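> For reference, the file coords01.txt (compact mmCIF, C-alpha atoms and all ligand atoms) is included below:
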```
# COMPACT_ATOMS: atom_id res chain seq x y z
CA MET A 1 79.90 -42.42 16.17
CA THR A 2 81.46 -41.74 19.54
CA PHE A 3 81.01 -38.54 21.44
CA PRO A 4 83.95 -37.18 23.36
CA PRO A 5 83.47 -37.92 27.04
CA GLN A 6 81.46 -35.23 28.74
CA ILE A 7 83.59 -32.99 30.88
CA ALA A 8 81.92 -32.99 34.26
CA PRO A 9 82.02 -29.72 36.16
CA ALA A 10 84.65 -29.93 38.92
CA PRO A 11 82.28 -29.97 41.89
CA ILE A 12 84.87 -29.44 44.62
CA ASP A 13 87.02 -26.31 44.61
CA PRO A 14 90.62 -27.64 44.63
CA VAL A 15 92.05 -24.47 46.20
CA LYS A 16 89.69 -24.63 49.18
CA LEU A 17 90.24 -28.38 49.46
CA ASP A 18 93.96 -27.75 49.76
CA LYS A 19 93.32 -25.03 52.36
CA LEU A 20 91.22 -27.53 54.33
CA ALA A 21 94.13 -29.99 54.27
CA VAL A 22 96.55 -27.31 55.48
CA LEU A 23 94.11 -26.33 58.23
CA ALA A 24 93.60 -29.94 59.31
CA VAL A 25 97.35 -30.58 59.62
CA ASN A 26 98.44 -27.25 61.12
CA VAL A 27 95.44 -26.16 63.21
CA GLY A 28 93.38 -29.35 63.62
CA LEU A 29 96.40 -31.39 64.70
CA GLN A 30 99.25 -28.91 64.91
CA LEU A 31 101.25 -31.92 63.77
CA GLN A 32 104.77 -31.87 65.21
CA ALA A 33 107.96 -32.46 63.24
CA GLY A 34 108.83 -36.13 63.55
CA GLN A 35 105.35 -37.12 64.77
CA ASP A 36 103.60 -40.07 63.10
CA LEU A 37 100.00 -39.82 61.92
CA ILE A 38 97.13 -42.26 61.37
CA VAL A 39 94.40 -41.02 59.02
CA THR A 40 91.11 -42.91 58.70
CA ALA A 41 88.90 -41.94 55.78
CA PRO A 42 86.35 -43.26 53.31
CA VAL A 43 87.85 -44.15 49.93
CA MET A 44 85.88 -41.37 48.25
CA ALA A 45 87.79 -38.82 50.35
CA LEU A 46 91.07 -39.81 48.68
CA PRO A 47 91.51 -36.38 46.99
CA LEU A 48 91.56 -34.81 50.48
CA VAL A 49 93.65 -37.62 52.00
CA ARG A 50 96.32 -37.03 49.33
CA ARG A 51 96.45 -33.31 50.14
CA ILE A 52 96.66 -34.08 53.85
CA VAL A 53 99.46 -36.60 53.45
CA GLU A 54 101.45 -34.08 51.41
CA HIS A 55 100.99 -31.31 53.98
CA ALA A 56 101.70 -33.69 56.86
CA TYR A 57 105.07 -34.66 55.38
CA ARG A 58 105.80 -31.01 54.58
CA ALA A 59 105.14 -30.30 58.27
CA GLY A 60 107.76 -32.91 59.14
CA ALA A 61 105.58 -35.99 59.77
CA GLY A 62 107.59 -39.13 60.46
CA LEU A 63 105.22 -41.71 58.99
CA VAL A 64 101.67 -41.16 57.73
CA THR A 65 99.43 -44.26 57.63
CA PRO A 66 96.05 -43.88 55.90
CA LEU A 67 93.37 -46.51 56.64
CA LEU A 68 90.54 -46.40 54.10
CA SER A 69 86.99 -47.70 54.35
CA ASP A 70 84.28 -48.07 51.72
CA GLU A 71 80.47 -47.99 51.79
CA ASP A 72 80.09 -50.96 49.41
CA VAL A 73 82.54 -53.03 51.41
CA VAL A 74 80.49 -52.37 54.56
CA LEU A 75 77.25 -53.32 52.78
CA SER A 76 78.77 -56.56 51.47
CA ARG A 77 79.17 -57.74 55.03
CA TYR A 78 75.47 -57.15 55.77
CA ARG A 79 74.46 -58.90 52.55
CA TYR A 80 76.74 -61.91 52.54
CA ALA A 81 78.56 -62.45 55.86
CA PRO A 82 77.57 -65.37 58.12
CA ASP A 83 75.57 -64.44 61.20
CA GLN A 84 78.48 -64.82 63.64
CA SER A 85 80.39 -62.12 61.74
CA PHE A 86 78.26 -59.47 63.47
CA ASP A 87 79.72 -60.19 66.89
CA ARG A 88 83.24 -59.62 65.63
CA ALA A 89 85.50 -56.62 65.08
CA ALA A 90 89.10 -56.07 63.99
CA GLY A 91 90.44 -55.94 67.53
CA TRP A 92 94.00 -56.33 66.32
CA LEU A 93 93.64 -53.10 64.32
CA HIS A 94 92.31 -51.10 67.28
CA GLU A 95 94.99 -52.57 69.56
CA GLY A 96 97.55 -51.48 66.98
CA MET A 97 96.08 -48.00 66.92
CA ALA A 98 96.15 -47.83 70.72
CA LYS A 99 99.80 -48.88 70.58
CA ALA A 100 100.53 -46.18 68.01
CA PHE A 101 98.77 -43.54 70.18
CA ALA A 102 100.81 -44.69 73.18
CA ALA A 103 103.88 -43.95 71.02
CA ASN A 104 102.62 -40.37 70.40
CA THR A 105 101.08 -40.95 66.96
CA ALA A 106 98.54 -38.26 66.07
CA ARG A 107 95.07 -39.22 64.86
CA MET A 108 92.98 -37.71 62.09
CA ALA A 109 89.53 -38.95 61.07
CA ILE A 110 87.77 -37.86 57.90
CA VAL A 111 84.02 -38.45 57.85
CA GLY A 112 81.72 -38.30 54.84
CA ASP A 113 79.85 -41.59 54.50
CA ASP A 114 76.19 -41.98 53.63
CA PRO A 115 74.34 -41.17 56.89
CA LEU A 116 71.69 -43.75 55.96
CA LEU A 117 74.11 -46.43 54.77
CA LEU A 118 72.77 -49.09 57.12
CA SER A 119 69.19 -47.91 57.44
CA GLY A 120 67.89 -50.76 55.25
CA GLN A 121 69.80 -53.43 57.18
CA ASP A 122 68.69 -55.67 60.04
CA SER A 123 68.84 -53.37 63.09
CA ALA A 124 69.80 -56.27 65.37
CA LYS A 125 72.87 -56.95 63.23
CA VAL A 126 73.70 -53.23 63.11
CA ALA A 127 73.52 -53.06 66.91
CA ARG A 128 75.61 -56.23 67.39
CA ALA A 129 78.31 -55.07 64.96
CA SER A 130 78.34 -51.65 66.59
CA LYS A 131 78.71 -53.14 70.07
CA ALA A 132 81.50 -55.50 68.96
CA ASN A 133 83.25 -52.54 67.37
CA SER A 134 82.83 -50.36 70.47
CA ILE A 135 84.36 -53.07 72.65
CA ALA A 136 87.28 -53.61 70.27
CA TYR A 137 87.83 -49.87 69.87
CA GLN A 138 87.91 -49.24 73.63
CA PRO A 139 91.73 -49.28 74.08
CA ALA A 140 92.12 -46.70 71.31
CA LEU A 141 89.05 -44.63 72.30
CA GLU A 142 90.33 -44.29 75.87
CA LYS A 143 93.49 -42.59 74.60
CA ILE A 144 91.41 -40.26 72.45
CA ALA A 145 88.87 -39.49 75.21
CA ASP A 146 91.74 -38.85 77.65
CA PHE A 147 93.46 -36.57 75.11
CA GLU A 148 96.72 -38.44 75.37
CA ILE A 149 97.59 -37.27 71.87
CA ASN A 150 96.54 -34.53 69.46
CA TRP A 151 93.60 -35.59 67.27
CA THR A 152 91.11 -34.05 64.90
CA ILE A 153 87.99 -34.89 62.89
CA LEU A 154 86.97 -33.18 59.68
CA ALA A 155 84.65 -33.89 56.77
CA TYR A 156 84.69 -34.60 53.04
CA PRO A 157 81.52 -34.32 50.91
CA GLY A 158 80.67 -37.91 49.95
CA ALA A 159 78.13 -38.23 47.12
CA ALA A 160 75.47 -40.16 49.06
CA TRP A 161 75.80 -37.79 52.02
CA ALA A 162 75.55 -34.75 49.70
CA SER A 163 72.40 -36.14 48.10
CA GLN A 164 70.87 -36.57 51.54
CA VAL A 165 71.60 -32.93 52.47
CA PHE A 166 70.53 -31.56 49.04
CA PRO A 167 67.88 -34.04 47.88
CA GLY A 168 66.61 -31.87 45.02
CA ASP A 169 69.93 -31.57 43.19
CA ASP A 170 71.87 -33.75 40.78
CA GLU A 171 74.66 -35.60 42.56
CA ALA A 172 77.51 -33.45 41.19
CA ILE A 173 75.69 -30.24 42.12
CA ALA A 174 74.87 -31.61 45.59
CA VAL A 175 78.52 -32.55 46.17
CA GLY A 176 79.60 -29.05 45.13
CA LYS A 177 77.06 -27.46 47.49
CA LEU A 178 78.01 -29.69 50.41
CA ALA A 179 81.70 -28.98 49.74
CA GLU A 180 81.00 -25.23 49.95
CA ALA A 181 78.98 -25.72 53.16
CA ILE A 182 81.87 -27.70 54.69
CA PHE A 183 84.40 -25.06 53.58
CA ALA A 184 82.30 -22.23 55.03
CA ALA A 185 81.67 -24.02 58.35
CA SER A 186 85.39 -24.89 58.53
CA ARG A 187 86.32 -21.25 57.76
CA VAL A 188 88.51 -22.19 54.77
CA ASP A 189 86.45 -19.89 52.54
CA GLN A 190 88.21 -16.99 54.29
CA ASP A 191 91.46 -15.43 53.09
CA ASP A 192 93.46 -16.55 56.10
CA PRO A 193 91.76 -19.57 57.68
CA VAL A 194 94.54 -19.98 60.27
CA ALA A 195 94.01 -16.42 61.52
CA ALA A 196 90.22 -16.92 61.44
CA TRP A 197 90.61 -19.97 63.69
CA ARG A 198 92.84 -18.01 66.07
CA THR A 199 90.05 -15.41 66.48
CA HIS A 200 87.38 -18.11 66.77
CA ASN A 201 89.33 -20.06 69.41
CA ALA A 202 89.78 -16.84 71.42
CA ALA A 203 86.01 -16.18 71.32
CA LEU A 204 85.24 -19.71 72.54
CA ARG A 205 87.84 -19.30 75.29
CA GLY A 206 85.97 -16.15 76.44
CA ARG A 207 82.81 -18.29 76.89
CA THR A 208 84.58 -21.10 78.75
CA GLU A 209 86.33 -18.61 81.06
CA TRP A 210 82.96 -17.02 81.93
CA LEU A 211 81.40 -20.41 82.69
CA ASN A 212 84.45 -21.65 84.62
CA ALA A 213 84.36 -18.51 86.77
CA ARG A 214 80.66 -19.17 87.63
CA ARG A 215 81.17 -22.81 88.74
CA PHE A 216 77.48 -23.66 88.32
CA GLY A 217 76.32 -26.77 90.16
CA ALA A 218 73.72 -27.50 87.49
CA LEU A 219 72.17 -26.25 84.27
CA HIS A 220 68.43 -26.13 83.79
CA PHE A 221 67.12 -26.51 80.20
CA ASN A 222 63.60 -25.30 79.58
CA GLY A 223 61.67 -25.33 76.29
CA PRO A 224 58.91 -27.13 74.40
CA GLY A 225 58.95 -30.77 75.59
CA THR A 226 62.03 -30.14 77.71
CA ASP A 227 62.36 -29.54 81.46
CA LEU A 228 65.73 -30.93 82.38
CA THR A 229 68.18 -30.29 85.18
CA VAL A 230 71.70 -31.40 84.36
CA GLY A 231 73.89 -31.53 87.46
CA LEU A 232 77.51 -30.80 86.59
CA ALA A 233 80.33 -33.05 87.79
CA ASP A 234 82.30 -31.98 90.88
CA GLY A 235 85.32 -29.98 89.77
CA HIS A 236 84.08 -29.90 86.17
CA GLU A 237 85.78 -27.57 83.72
CA TRP A 238 84.34 -26.09 80.51
CA HIS A 239 86.26 -26.54 77.29
CA GLY A 240 85.80 -25.36 73.73
CA GLY A 241 87.82 -24.74 70.61
CA ALA A 242 91.52 -25.49 70.91
CA SER A 243 92.59 -28.06 73.47
CA THR A 244 96.00 -29.02 74.78
CA ALA A 245 96.56 -32.77 74.75
CA LYS A 246 98.62 -34.60 77.37
CA ASN A 247 101.50 -34.75 74.89
CA GLY A 248 101.63 -30.94 75.12
CA VAL A 249 100.28 -30.27 71.63
CA THR A 250 97.37 -27.81 71.26
CA CYS A 251 94.94 -29.19 68.69
CA ASN A 252 91.43 -28.42 67.45
CA PRO A 253 89.71 -31.80 67.81
CA ASN A 254 86.72 -30.88 65.64
CA ILE A 255 86.68 -28.95 62.37
CA PRO A 256 84.26 -27.23 62.50
CA THR A 257 83.46 -26.51 66.15
CA GLU A 258 81.12 -23.98 67.77
CA GLU A 259 80.45 -25.68 71.12
CA VAL A 260 81.59 -25.18 74.67
CA PHE A 261 81.14 -28.34 76.71
CA THR A 262 81.72 -29.98 80.04
CA THR A 263 81.05 -33.13 82.05
CA PRO A 264 77.64 -33.65 83.67
CA HIS A 265 77.32 -35.59 86.91
CA ALA A 266 76.44 -39.19 86.02
CA SER A 267 73.83 -39.46 88.80
CA ARG A 268 72.47 -35.88 89.01
CA VAL A 269 70.27 -35.49 85.93
CA GLU A 270 66.51 -35.16 86.43
CA GLY A 271 63.58 -34.45 84.14
CA HIS A 272 62.64 -34.91 80.52
CA VAL A 273 64.06 -33.75 77.23
CA VAL A 274 63.29 -34.09 73.52
CA SER A 275 65.73 -34.01 70.60
CA SER A 276 65.57 -31.06 68.22
CA LYS A 277 67.31 -32.65 65.21
CA PRO A 278 67.61 -36.19 63.88
CA LEU A 279 70.75 -38.07 64.76
CA SER A 280 72.61 -40.25 62.29
CA TYR A 281 74.20 -43.01 64.31
CA GLN A 282 76.39 -45.48 62.43
CA GLY A 283 74.23 -45.41 59.33
CA THR A 284 70.83 -45.31 61.05
CA LEU A 285 68.67 -42.22 61.47
CA ILE A 286 67.23 -41.75 64.96
CA ASP A 287 64.65 -38.97 65.19
CA GLY A 288 62.15 -37.61 67.68
CA ILE A 289 64.01 -38.82 70.75
CA ALA A 290 62.14 -38.24 74.03
CA VAL A 291 63.71 -39.46 77.26
CA ARG A 292 63.18 -39.10 80.99
CA PHE A 293 66.00 -39.13 83.54
CA GLU A 294 65.88 -40.17 87.18
CA GLY A 295 69.00 -40.03 89.30
CA GLY A 296 71.07 -39.46 86.18
CA ARG A 297 69.76 -42.55 84.44
CA ILE A 298 67.41 -42.72 81.44
CA VAL A 299 64.37 -44.58 82.73
CA GLU A 300 62.11 -43.99 79.71
CA ALA A 301 63.14 -43.60 76.07
CA LYS A 302 61.16 -43.20 72.87
CA ALA A 303 61.94 -42.19 69.31
CA THR A 304 59.66 -41.60 66.36
CA ARG A 305 62.25 -43.15 64.05
CA GLY A 306 65.04 -45.63 64.79
CA GLU A 307 63.66 -46.43 68.27
CA GLU A 308 64.81 -50.05 68.06
CA VAL A 309 68.42 -48.99 67.47
CA LEU A 310 68.22 -46.33 70.19
CA LEU A 311 66.95 -48.83 72.76
CA LYS A 312 69.69 -51.31 71.86
CA VAL A 313 72.32 -48.57 72.12
CA LEU A 314 71.01 -47.66 75.59
CA ASP A 315 71.57 -51.27 76.64
CA THR A 316 75.21 -51.28 75.51
CA ASP A 317 76.37 -51.00 79.14
CA GLU A 318 75.44 -49.31 82.43
CA GLY A 319 76.93 -45.97 81.38
CA ALA A 320 75.05 -45.83 78.07
CA ARG A 321 71.91 -44.53 79.86
CA ARG A 322 73.81 -41.71 81.54
CA LEU A 323 75.28 -38.45 80.23
CA GLY A 324 78.95 -37.91 79.42
CA GLU A 325 78.74 -34.41 77.93
CA VAL A 326 76.62 -31.28 77.98
CA ALA A 327 77.35 -28.63 75.36
CA LEU A 328 76.14 -25.09 74.68
CA VAL A 329 75.86 -23.75 71.13
CA PRO A 330 73.96 -20.57 70.23
CA TYR A 331 71.14 -20.80 67.72
CA SER A 332 72.94 -18.10 65.70
CA SER A 333 76.05 -20.26 65.15
CA PRO A 334 77.13 -20.12 61.47
CA ILE A 335 76.24 -23.78 61.01
CA SER A 336 72.80 -23.24 62.48
CA LYS A 337 72.33 -20.12 60.32
CA SER A 338 73.14 -22.13 57.17
CA GLY A 339 69.73 -23.71 57.83
CA LEU A 340 71.06 -27.06 56.64
CA LEU A 341 70.46 -30.35 58.36
CA PHE A 342 73.71 -32.23 57.77
CA PHE A 343 72.69 -35.65 59.17
CA ASN A 344 76.22 -35.69 60.56
CA THR A 345 77.05 -35.05 64.21
CA LEU A 346 80.25 -33.15 63.45
CA PHE A 347 78.07 -30.44 61.91
CA ASP A 348 74.67 -30.80 63.55
CA GLU A 349 76.10 -30.80 67.09
CA ASN A 350 77.59 -27.41 66.26
CA ALA A 351 74.20 -25.99 65.35
CA ALA A 352 72.45 -26.68 68.67
CA CYS A 353 72.91 -27.26 72.37
CA HIS A 354 73.39 -30.96 72.88
CA LEU A 355 73.92 -33.80 75.31
CA ALA A 356 76.01 -36.90 74.83
CA LEU A 357 75.17 -40.31 76.17
CA GLY A 358 78.04 -42.40 77.48
CA GLN A 359 81.73 -41.79 78.02
CA CYS A 360 82.82 -38.44 79.48
CA TYR A 361 85.98 -36.53 78.62
CA SER A 362 88.32 -36.71 81.61
CA LYS A 363 89.81 -33.48 80.28
CA CYS A 364 86.66 -31.61 81.34
CA PHE A 365 87.79 -31.56 84.99
CA LEU A 366 90.11 -29.25 86.87
CA ASP A 367 93.50 -30.96 86.66
CA GLY A 368 91.80 -33.50 84.38
CA ALA A 369 95.11 -34.62 82.93
CA THR A 370 96.28 -35.98 86.29
CA LEU A 371 93.07 -37.77 87.39
CA THR A 372 92.85 -41.56 87.51
CA PRO A 373 89.69 -43.21 86.10
CA GLU A 374 88.60 -43.85 89.72
CA GLN A 375 88.95 -40.14 90.59
CA VAL A 376 86.99 -39.17 87.45
CA ALA A 377 84.21 -41.58 88.52
CA ALA A 378 84.25 -40.26 92.10
CA ARG A 379 83.62 -36.73 90.77
CA GLY A 380 80.65 -37.93 88.74
CA GLY A 381 82.30 -38.61 85.38
CA ASN A 382 80.46 -41.29 83.41
CA LYS A 383 82.06 -44.35 81.82
CA SER A 384 80.75 -46.22 78.79
CA LEU A 385 81.75 -47.86 75.53
CA ILE A 386 79.68 -45.29 73.66
CA HIS A 387 79.73 -41.51 73.25
CA ILE A 388 76.77 -40.26 71.22
CA ASP A 389 75.91 -36.59 70.87
CA TRP A 390 72.28 -35.66 70.23
CA MET A 391 70.80 -32.26 69.74
CA ILE A 392 68.32 -30.64 72.13
CA GLY A 393 68.80 -26.93 71.36
CA SER A 394 66.58 -24.61 69.38
CA ASN A 395 65.61 -20.94 69.34
CA GLU A 396 62.99 -21.78 71.97
CA ILE A 397 65.32 -23.10 74.65
CA ASP A 398 66.28 -21.22 77.83
CA VAL A 399 69.20 -22.30 79.98
CA ASP A 400 69.83 -21.20 83.57
CA GLY A 401 72.95 -21.82 85.59
CA ILE A 402 72.13 -22.91 89.14
CA ASN A 403 74.56 -22.18 91.97
CA ALA A 404 75.08 -24.34 95.04
CA ASP A 405 72.81 -21.92 97.01
CA GLY A 406 70.02 -22.32 94.44
CA ASN A 407 70.52 -18.91 92.80
CA ARG A 408 69.87 -18.82 89.07
CA THR A 409 71.88 -17.00 86.40
CA PRO A 410 70.48 -16.74 82.85
CA VAL A 411 72.92 -18.45 80.46
CA PHE A 412 70.78 -18.79 77.31
CA ARG A 413 67.56 -17.02 76.37
CA ARG A 414 65.64 -18.22 73.31
CA GLY A 415 68.66 -20.12 72.08
CA GLU A 416 71.20 -17.27 72.48
CA TRP A 417 73.84 -16.39 75.09
CA ALA A 418 72.03 -14.28 77.68
ZN ZN A 501 79.74 -32.01 71.73
ZN ZN A 502 80.46 -35.27 72.11
```
What's the structure tokens form of this structure?

Amino acid sequence: MTFPPQIAPAPIDPVKLDKLAVLAVNVGLQLQAGQDLIVTAPVMALPLVRRIVEHAYRAGAGLVTPLLSDEDVVLSRYRYAPDQSFDRAAGWLHEGMAKAFAANTARMAIVGDDPLLLSGQDSAKVARASKANSIAYQPALEKIADFEINWTILAYPGAAWASQVFPGDDEAIAVGKLAEAIFAASRVDQDDPVAAWRTHNAALRGRTEWLNARRFGALHFNGPGTDLTVGLADGHEWHGGASTAKNGVTCNPNIPTEEVFTTPHASRVEGHVVSSKPLSYQGTLIDGIAVRFEGGRIVEAKATRGEEVLLKVLDTDEGARRLGEVALVPYSSPISKSGLLFFNTLFDENAACHLALGQCYSKCFLDGATLTPEQVAARGGNKSLIHIDWMIGSNEIDVDGINADGNRTPVFRRGEWA
């Protein structure tokens, strides 16, 4: 005899999923009538992609082009592709994206893949493929990093990712829990998410205005294993929350976001620092990072896990050993308070103060929109093919702002705004 198929519990609340799509289109991108949109997403995020495409067209989108990826397809390459495949990337695709961005196409990225997807693969191949991809992606990344167009990143709860975050639960339960965590962090569990984001953006603006009025020359991070002075770039500017792109559209580039951030000086970072959370970088987990800086450059680097990949990443190019971002996030941020380790930078970077290796955001300068790459470099902005955020904050970290005359102002005490 045949049993009727079991009706699986719907793990993802469809109403909140639709609210997330509305938020992504109208707050994340503030998509303009007539504007085209490129959406990249894993195949498993199709339920969200469909909602987004609908709301994008309802907002007047000209043409929406989704580009889907798949975990199994990625693994097939590692299992069966010839060795020379790992030095290649779809340059034509990235050039096409750069061309689309130059024509004012907005960009949305949905993340949700297994954070450990490539952890069982040959790390040399992972590093080669990642480098080839970074090089090919450069023309498109430049337009994103320079905020030429409105862009946003948000998340969908993939099954493998959910099982990593909630290892004790059945897959369907884990997906449901991760969905709720994403909805809460993205503020779509509230009655009026758009209004909630307006309030949140205003609060972040209050922080950036305070920091921009202080014009600190450097920040000093002090805590267990950390004694680090991060010189800030000349004419740096703090940003956080909503951001106005060069095409005039105000977008929220990250959903969620809790950080305020600016550009460090590429040659004025001194001291040592340890990571406070593991970092999932292109399918590999890197944990227990400990590095020492001299003259802005990492001269010693260790990791308790994924060290091989970390060291290869640091050798990507000259700028990979220097900082491109410093960000402040209180320990009491809602994402930090959830107590979850997401193994995903979009979330984990919003639970702790962090640094990013590599490319800086030219936007994080006074008059950033008008600066040439040479002017950004002259003010201390770093240049690299990579941009990797890693977390250094905890409830034990103190941060001081240091003025040009050496005076110190408390900025963070025990992980909270002082
Ligand atoms: Zn950041
Ligand atoms: Zn970053």
> Write out as a list of chain:residue names each polymer residue whose atoms come within 10 Å of stretch 168-172 of chain A, counting only C-alpha atoms; drop sequence neighbours fewer than 3 positions from it.
A:Ala8, A:Pro9, A:Ala10, A:Pro11, A:Ile12, A:Gly158, A:Ala159, A:Ala160, A:Trp161, A:Ala162, A:Ser163, A:Gln164, A:Val165, A:Val175, A:Gly176, A:Lys177, A:Leu178
> So which residues touch A:Trp238 within 10 Å, counting all atoms listed in the file, skipping near sequence neighbours fewer than 3 positions away, as a short mmCIF file (atom, residue, chain, number, x, y, z; two decimals) with C-alpha atoms, keeping the file's coordinate frame?

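Saved file part-v3.cif follows:
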```
data_model
loop_
_atom_site.label_atom_id
_atom_site.label_comp_id
_atom_site.auth_asym_id
_atom_site.auth_seq_id
_atom_site.Cartn_x
_atom_site.Cartn_y
_atom_site.Cartn_z
CA ARG A 205 87.84 -19.30 75.29
CA ARG A 207 82.81 -18.29 76.89
CA THR A 208 84.58 -21.10 78.75
CA GLU A 209 86.33 -18.61 81.06
CA TRP A 210 82.96 -17.02 81.93
CA LEU A 211 81.40 -20.41 82.69
CA ASN A 212 84.45 -21.65 84.62
CA ALA A 213 84.36 -18.51 86.77
CA ARG A 215 81.17 -22.81 88.74
CA VAL A 260 81.59 -25.18 74.67
CA PHE A 261 81.14 -28.34 76.71
CA THR A 262 81.72 -29.98 80.04
CA THR A 263 81.05 -33.13 82.05
CA VAL A 326 76.62 -31.28 77.98
CA ALA A 327 77.35 -28.63 75.36
CA LYS A 363 89.81 -33.48 80.28
CA CYS A 364 86.66 -31.61 81.34
CA PHE A 365 87.79 -31.56 84.99
CA LEU A 366 90.11 -29.25 86.87
#
```
> Within 12 Å of A:Ala181, counting only C-alpha atoms, which residues show up once you throw out same-chain ones fewer than 2 positions away? Write them as an NGL selection string, please.
:A and (12-13 or 16 or 155-157 or 162 or 165-166 or 174-179 or 183-189 or 256 or 334-342 or 347)
> Check the smallest atom-to-atom distance from each of A:Ser362, A:Gln121, A:Asn395, A:Asn403 to A:Glu142 using all atoms listed in the file, then report the winner.
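For A:Glu142, the nearest of the candidates is A:Ser362.
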> Go through A:Ile386, A:Leu328, A:Ile392, A:Ala266 one by one, measure the shortest atom-to-atom distance of each to ligand ZN 501 (chain A) using all atoms listed in the file, and give the residue with the smallest value.
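Of all the options, A:Leu328 lies closest to ligand ZN 501 (chain A).
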> Every residue with an atom at most 9 Å from (106.8, -34.1, 69.4) (file coordinates; all atoms listed in the file) is what I'm after, so could you write them as a compact mmCIF listing (two decimals) with C-alpha atoms, keeping the file's coordinate frame?

```
# COMPACT_ATOMS: atom_id res chain seq x y z
CA LEU A 31 101.25 -31.92 63.77
CA GLN A 32 104.77 -31.87 65.21
CA ALA A 33 107.96 -32.46 63.24
CA GLY A 34 108.83 -36.13 63.55
CA GLN A 35 105.35 -37.12 64.77
CA ASN A 104 102.62 -40.37 70.40
CA ASN A 247 101.50 -34.75 74.89
CA GLY A 248 101.63 -30.94 75.12
CA VAL A 249 100.28 -30.27 71.63
```
> From the list A:Ser275, A:Asn252, A:Ser394, A:Thr40, which residue is nearest A:Gly112 when using only C-alpha atoms?
A:Thr40
> Env of A:Phe221: 6 Å cut, atoms = all atoms listed in the file, seq-sep filter 3 positions within chain, self excluded. Answer as a list in words.
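Listed by chain and then number, they are Asp227, Leu228, Asp398 and Val399 of chain A.
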> Neighbouring residues of A:Asn222 were defined as those with any atom within 10 Å, considering all atoms listed in the file; residues of the same chain fewer than 4 positions away were excluded. Please report them as a list in words.
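Skipping anything fewer than 4 positions along the chain leaves Thr226, Asp227, Leu228, Thr229, His272, Val273, Gly393, Glu396, Ile397, Asp398, Val399, Asp400, Phe412, Arg413 and Arg414 of chain A.
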> With distances taken over only C-alpha atoms and all ligand atoms, which of A:Ile286, A:Ile153, A:Ile298, A:Val39 is nearest to ligand ZN 502 (chain A)?
A:Ile153
> Take every atom of stretch 252-265 of chain A listed in the file, pad by 3 Å on each side, and give me the axis-aligned box centre and edge lengths in Å, one decimal, as lines of an AutoDock Vina configuration file.

```
center_x = 84.4
center_y = -29.8
center_z = 74.6
size_x = 20.1
size_y = 17.6
size_z = 30.5
```
> List all protein, DNA and RNA residues that have at least one atom no more than 7 Å from any atom of ligand ZN 501 (chain A), counting all atoms listed in the file, and write them as a PDB file with C-alpha atoms, keeping the file's coordinate frame.

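The resulting file, result.pdb, is reproduced below:
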```pdb
ATOM      1  CA  GLU A 259      80.450 -25.680  71.120  1.00  0.00           C
ATOM      2  CA  PHE A 261      81.140 -28.340  76.710  1.00  0.00           C
ATOM      3  CA  GLU A 325      78.740 -34.410  77.930  1.00  0.00           C
ATOM      4  CA  ALA A 327      77.350 -28.630  75.360  1.00  0.00           C
ATOM      5  CA  GLU A 349      76.100 -30.800  67.090  1.00  0.00           C
ATOM      6  CA  HIS A 354      73.390 -30.960  72.880  1.00  0.00           C
ATOM      7  CA  ALA A 356      76.010 -36.900  74.830  1.00  0.00           C
ATOM      8  CA  ASP A 389      75.910 -36.590  70.870  1.00  0.00           C
TER       9      ASP A 389
END
```
> Name the closest residue to A:Gly240 among the candidates A:Arg214, A:Lys302, A:Lys277, A:His200; distances are taken between atoms, counting only C-alpha atoms.
A:His200
> May I ask which of the residues A:Cys251, A:Leu75, A:Leu346, A:Leu37 is the closest one to ligand ZN 502 (chain A), counting only C-alpha atoms and all ligand atoms?
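Checking each candidate against ligand ZN 502 (chain A), we get A:Leu346 as the closest.
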> Quick one: pull the distance between atom CA of A:Ile52 and atom CA of A:Ala352, Å, one decimal.
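Answer for the atom CA of A:Ile52 to atom CA of A:Ala352 separation: 29.3 Å.
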> Could you tell me how far atom CA of A:Ser332 lies from atom CA of A:Gly415, in Å and to one decimal?
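Straight-line distance from atom CA of A:Ser332 to atom CA of A:Gly415 works out to 7.9 Å.
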> Find the distance between atom CA of A:Leu48 and atom CA of A:Leu29 and write it in Å to one decimal.
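Interatomic distance, atom CA of A:Leu48 to atom CA of A:Leu29: 15.4 Å.
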> If I only have part of stretch 92-97 of chain A, can you fill in N, CA and C atoms and write it as a compact mmCIF listing (two decimals), in the coordinates of the input?

```
# COMPACT_ATOMS: atom_id res chain seq x y z
N TRP A 92 92.55 -56.49 66.54
CA TRP A 92 94.00 -56.33 66.32
C TRP A 92 94.33 -54.94 65.78
N LEU A 93 93.40 -54.42 64.93
CA LEU A 93 93.64 -53.10 64.32
C LEU A 93 93.54 -52.00 65.39
N HIS A 94 92.49 -52.11 66.23
CA HIS A 94 92.31 -51.10 67.28
C HIS A 94 93.43 -51.18 68.31
N GLU A 95 93.85 -52.43 68.63
CA GLU A 95 94.99 -52.57 69.56
C GLU A 95 96.23 -51.91 68.97
N GLY A 96 96.41 -52.10 67.66
CA GLY A 96 97.55 -51.48 66.98
C GLY A 96 97.47 -49.96 67.03
N MET A 97 96.24 -49.45 66.86
CA MET A 97 96.08 -48.00 66.92
C MET A 97 96.38 -47.50 68.33
```
